[in-house]
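Only one structure is covered here, and it is reproduced in the block below.
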Amino acid sequence: MNPLTIDLHSAANGPVLRVAGDLDFDRAPELRRRIDELALTSGQCLEMDLSGLGFCDSSGITALLAARQHALAAGADIVLAAVPANLMRVLSLVGLDRVFTLRPDATAP
């Protein structure tokens with residue numbers, strides 16, 4: 001198991017959260033807490049850089065959906081960037097590739 005790391009940096013359009021490691025049942029609450037602490041404003045875009053994500057279970061996907069709700073409630077957008085192939089397959093199978101805006105690359109810090 002890989003520990004979960006969540007790094008925050010700012011980009012021109014809004015905050016970027018780089019999520020790396022394993023996003024599972026035990027670690028998803030940490031991501032949800034970090035997202036809940038984010039102050040988003042209307043017109044911003046929350047970018048979730050998933051390039052370092054090694055594993056994501058259903059709890060992790062639920063945390064990503066919570067991030068989407070948090071962004072939408074603030075009038076902001078959300079984009080999932082650099083989604084690993086294994087997670088992209090799951091998102092496609094359950095139709096979340098049509099719910100999230102997906103970008104092949106993350107914003108450089």
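By convention in this document, the chains of the structure tokens carry letters A, B, ... by their order, each chain's residues are numbered from 1, and ligands are numbered from 1 in the order they are shown.
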**Report entry** Near-region 1-5 of chain A list (6 Å; only C-alpha atoms; drop same-chain fewer than 5 positions) as a PyMOL selection string
**Finding:** chain A and resi 19-22
Requested in this report: Run DSSP on the backbone of this structure and report the residues of region 31-96 of chain A it assigns to helix (DSSP H, G or I), as a count of residues only.
Outcome: 32
Query raised in the report: So, counting only C-alpha atoms, which residue among A:Ser58, A:Ser51, A:Asn13, A:Ser42 is closest to Val90 (chain A)?
Result: A:Ser58
Requested in this report: Give the strand (DSSP E or B) residues of chain A, as assigned by DSSP on the backbone, as JSON, numbers by chain.
Outcome: {"A": [5, 6, 7, 8, 9, 10, 11, 14, 15, 16, 17, 18, 19, 20, 21, 22, 23, 45, 46, 47, 48, 49, 50, 51, 52, 53, 54, 55, 56, 77, 78, 79, 80, 81, 101, 102, 103]}
Query raised in the report: Which is closer to His9 (chain A) than all the others in A:Ala85, A:Gly75, A:Phe55, A:Asp49, using only C-alpha atoms?
Result: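 Once distances to His9 (chain A) are computed over only C-alpha atoms, the minimum belongs to A:Asp49.
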Closest contacts (region 6-69 of chain A/region 76-80 of chain A, max 10 Å, only C-alpha atoms) as a tab-separated table:
residue	atom	partner	partner_atom	distance
A:Asn13	CA	A:Asp77	CA	9.7
A:Gly14	CA	A:Ala76	CA	9.1
A:Pro15	CA	A:Ile78	CA	9.9
A:Val16	CA	A:Val79	CA	9.6
A:Leu17	CA	A:Leu80	CA	9.8
A:Leu40	CA	A:Ala76	CA	6.7
A:Thr41	CA	A:Ala76	CA	6.2
A:Ser42	CA	A:Ala76	CA	4.9
A:Gly43	CA	A:Ala76	CA	5.1
A:Gln44	CA	A:Ala76	CA	4.9
A:Cys45	CA	A:Asp77	CA	4.5
A:Leu46	CA	A:Ile78	CA	4.6
A:Glu47	CA	A:Val79	CA	4.9
A:Met48	CA	A:Leu80	CA	4.9
A:Asp49	CA	A:Leu80	CA	6.2
A:Leu50	CA	A:Leu80	CA	7.0
A:Ser51	CA	A:Leu80	CA	9.6
A:Leu64	CA	A:Leu80	CA	8.8
A:Ala67	CA	A:Ile78	CA	7.9
A:Arg68	CA	A:Ile78	CA	6.1
A:Gln69	CA	A:Ile78	CA	9.2
Requested in this report: Could you please determine the separation between CA of Ala74 (chain A) and CA of Leu93 (chain A) in Å, to one decimal place?
Outcome: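 Separation of CA of Ala74 (chain A) and CA of Leu93 (chain A): 28.3 Å.
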Query - d(CA of Ala12 (chain A), CA of Thr101 (chain A)) in Å - result: 17.7 Å
Query raised in the report: So which one's closest to Ala39 (chain A), A:Leu102, A:Leu96, A:Leu91, A:Ala71? Using only C-alpha atoms, please.
Result: A:Ala71
Query raised in the report: Which is closest to Met88 (chain A) among A:Leu53, A:Ala108, A:Asp36, A:Ala73, if we use only C-alpha atoms?
Result: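 Distance minimum relative to Met88 (chain A) lands on A:Leu53.
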